[in-house]
Amino acid sequence: MSSRLISEIVVKFPRLGLLGGEISDSLLDLKHLNYLDLCCNDFGGIPTPNFFGSFGRLRYLNLYGAKFGGMIPPQHGNLSQLRYLNLGGGGYQMRVSNLNWLSGLSSLKYLDLGNVDVSKTTTNWMQDVNMLPSLLELHLSSCELNGFLQLVPFVNLTALMVLDLSYNDFNTTLPGWLFNTSTNVRGLYLNFSAIKGPIPHVNFQSLRNLMTLDLSYSEIASEGIIELVNGLSICYNNSLEELYLGDNGLIIPWKRNFNNLRSLDLTCNSFDGPLPNPIQHLTNLEILYLHGNFLSGPIPMGIGNMLRMKTLDLSTNLMNGTIPNSIGQLGELAGLYFDWNSWEGVISEIHFSNLSKLEDFSLRLSPKKQSFRFHVRPEWIPPLSLK
């Protein structure tokens, strides 16, 4: 086949040895090239070649985890047909002095600069990204971002569905435009980003399609987080499926239910007393992390109604009382963690009667806790899938 007719190159050797070394500009002979995937190789920290910007028909460029390094050439901005660009992955430090070259990528729908140092752009990164009206996903995780433009006269990202600004060091409050970017937003990731202060006014109806919200390990006032979550819960036909609020100092849960919620992480907050009532009514929940709170009292019998539960973590709390037999009704459970509580009574074969999918079970107690014991027959064969 003539090289001039080749339109796609995919080079991945995760098992056979990684591709590396210099990349020859003879690739430019591939005049019809529209798809180039070099992800997960090892180019030893060399810069991405300037001549990549000459592939005029390229629509897809994936260099994720290929271990390029150095300055990203602004010639990438010549790829006016590009729909997908992934330069993330780390390994060697990649950096930019500015993001002005993004303005040439007017057709771009997916952009991932994860682990690229964009700190020299200061707060101008938003102005540059705002020039991409077709963008559906923006991933700027671990980019050493350190500030927001608080005022953006016109937000042009009306098609945006995923915004990932996690693992940065903003050290400031959230700007008002962030929650009002697009009514199509499905995923919003602001975890580990040193975001402070109150949450600005939010048009909750504009977030009705939000499916994933991650505010874990932020420095936002807990009252603001609860106000935001309560606002989302009353949104007509809200779509929220994944909610991550770990280590935010929360002391009270929200008031209403999220009927679609599948994954909930409230790790390392300040919840005390019995298992919060709203959580007990999340019957579609599959993953629940409550590790590291101050919950006390027994596990409610109603836990047996959460029949879709796959992972349940109640470890490192102050819970006491008996573990109800209804735990044995959770036939989808794969992970169950009850460590470091003050359980009492007996755990028996009944507790495991329907847990055939259980792969990981942990129940460690203080040596001083003598009133709790296992009671099973010597010949009992657990119906589990423990690894």
# chains A, B, ... in the order shown; residues from 1 in each chain; ligands from 1
>>> residues_around(residues="A:Leu318", least_positions_apart="3", cutoff="6 Å", atoms="only C-alpha atoms", output="list in words")
Phe294, Leu295, Ser296 and Asn341 of chain A
>>> write_last_selection(atoms="N, CA, C and O atoms", output="CSV table (one decimal), in the first residue's frame")
chain,number,residue,atom,x,y,z
A,294,PHE,N,-17.4,10.2,62.7
A,294,PHE,CA,-17.7,10.0,64.1
A,294,PHE,C,-19.0,9.4,64.3
A,294,PHE,O,-19.7,9.6,65.3
A,295,LEU,N,-19.4,8.5,63.3
A,295,LEU,CA,-20.7,7.9,63.4
A,295,LEU,C,-20.8,6.9,64.6
A,295,LEU,O,-19.8,6.3,64.9
A,296,SER,N,-22.0,6.9,65.2
A,296,SER,CA,-22.1,6.0,66.4
A,296,SER,C,-23.5,5.3,66.2
A,296,SER,O,-24.2,5.5,65.3
A,341,ASN,N,-14.3,-0.1,64.8
A,341,ASN,CA,-15.5,0.3,65.4
A,341,ASN,C,-15.7,-0.4,66.7
A,341,ASN,O,-14.7,-1.1,67.1
>>> select_by_dssp(residues="stretch 206-303 of chain A", states="strand (DSSP E)", output="ChimeraX atom specification")
/A:212-214,219-220,242-244,263-265,272-273,287-289,294-297
>>> write_last_selection(atoms="C-alpha atoms", output="PDB file, in the first residue's frame")
ATOM      1  CA  THR A 212     -20.463  13.666  38.598  1.00  0.00           C
ATOM      2  CA  LEU A 213     -19.395  16.305  41.152  1.00  0.00           C
ATOM      3  CA  ASP A 214     -16.064  16.018  42.954  1.00  0.00           C
ATOM      4  CA  GLU A 219     -11.096  24.281  51.399  1.00  0.00           C
ATOM      5  CA  ILE A 220     -14.583  25.514  50.584  1.00  0.00           C
ATOM      6  CA  GLU A 242     -21.524  10.356  41.598  1.00  0.00           C
ATOM      7  CA  LEU A 243     -20.861  12.710  44.516  1.00  0.00           C
ATOM      8  CA  TYR A 244     -17.421  13.002  46.143  1.00  0.00           C
ATOM      9  CA  SER A 263     -21.514   6.499  44.236  1.00  0.00           C
ATOM     10  CA  LEU A 264     -21.132   8.598  47.406  1.00  0.00           C
ATOM     11  CA  ASP A 265     -17.853   9.433  49.154  1.00  0.00           C
ATOM     12  CA  ASP A 272     -21.639  12.057  64.162  1.00  0.00           C
ATOM     13  CA  GLY A 273     -24.576  10.192  65.631  1.00  0.00           C
ATOM     14  CA  ILE A 287     -20.623   2.619  46.437  1.00  0.00           C
ATOM     15  CA  LEU A 288     -20.662   4.262  49.879  1.00  0.00           C
ATOM     16  CA  TYR A 289     -17.562   5.516  51.687  1.00  0.00           C
ATOM     17  CA  PHE A 294     -17.661   9.985  64.107  1.00  0.00           C
ATOM     18  CA  LEU A 295     -20.743   7.906  63.413  1.00  0.00           C
ATOM     19  CA  SER A 296     -22.128   5.987  66.361  1.00  0.00           C
ATOM     20  CA  GLY A 297     -24.931   3.560  67.107  1.00  0.00           C
TER      21      GLY A 297
END
>>> closest_atom_pairs(of="stretch 232-339 of chain A", to="stretch 177-201 of chain A", cutoff="9 Å", atoms="only C-alpha atoms", output="tab-separated table")
residue	atom	partner	partner_atom	distance
A:Ser239	CA	A:Arg186	CA	8.6
A:Leu240	CA	A:Arg186	CA	8.5
A:Tyr244	CA	A:Asn191	CA	8.5
A:Leu245	CA	A:Asn191	CA	8.6
>>> closest_residue(among="A:Ile347, A:Met94, A:Leu261, A:Ile279", to="A:Gly69", atoms="only C-alpha atoms")
A:Met94
>>> closest_residue(among="A:Asn130, A:Asn237, A:Ser366, A:Ile226", to="A:Gly249", atoms="only C-alpha atoms")
A:Ile226
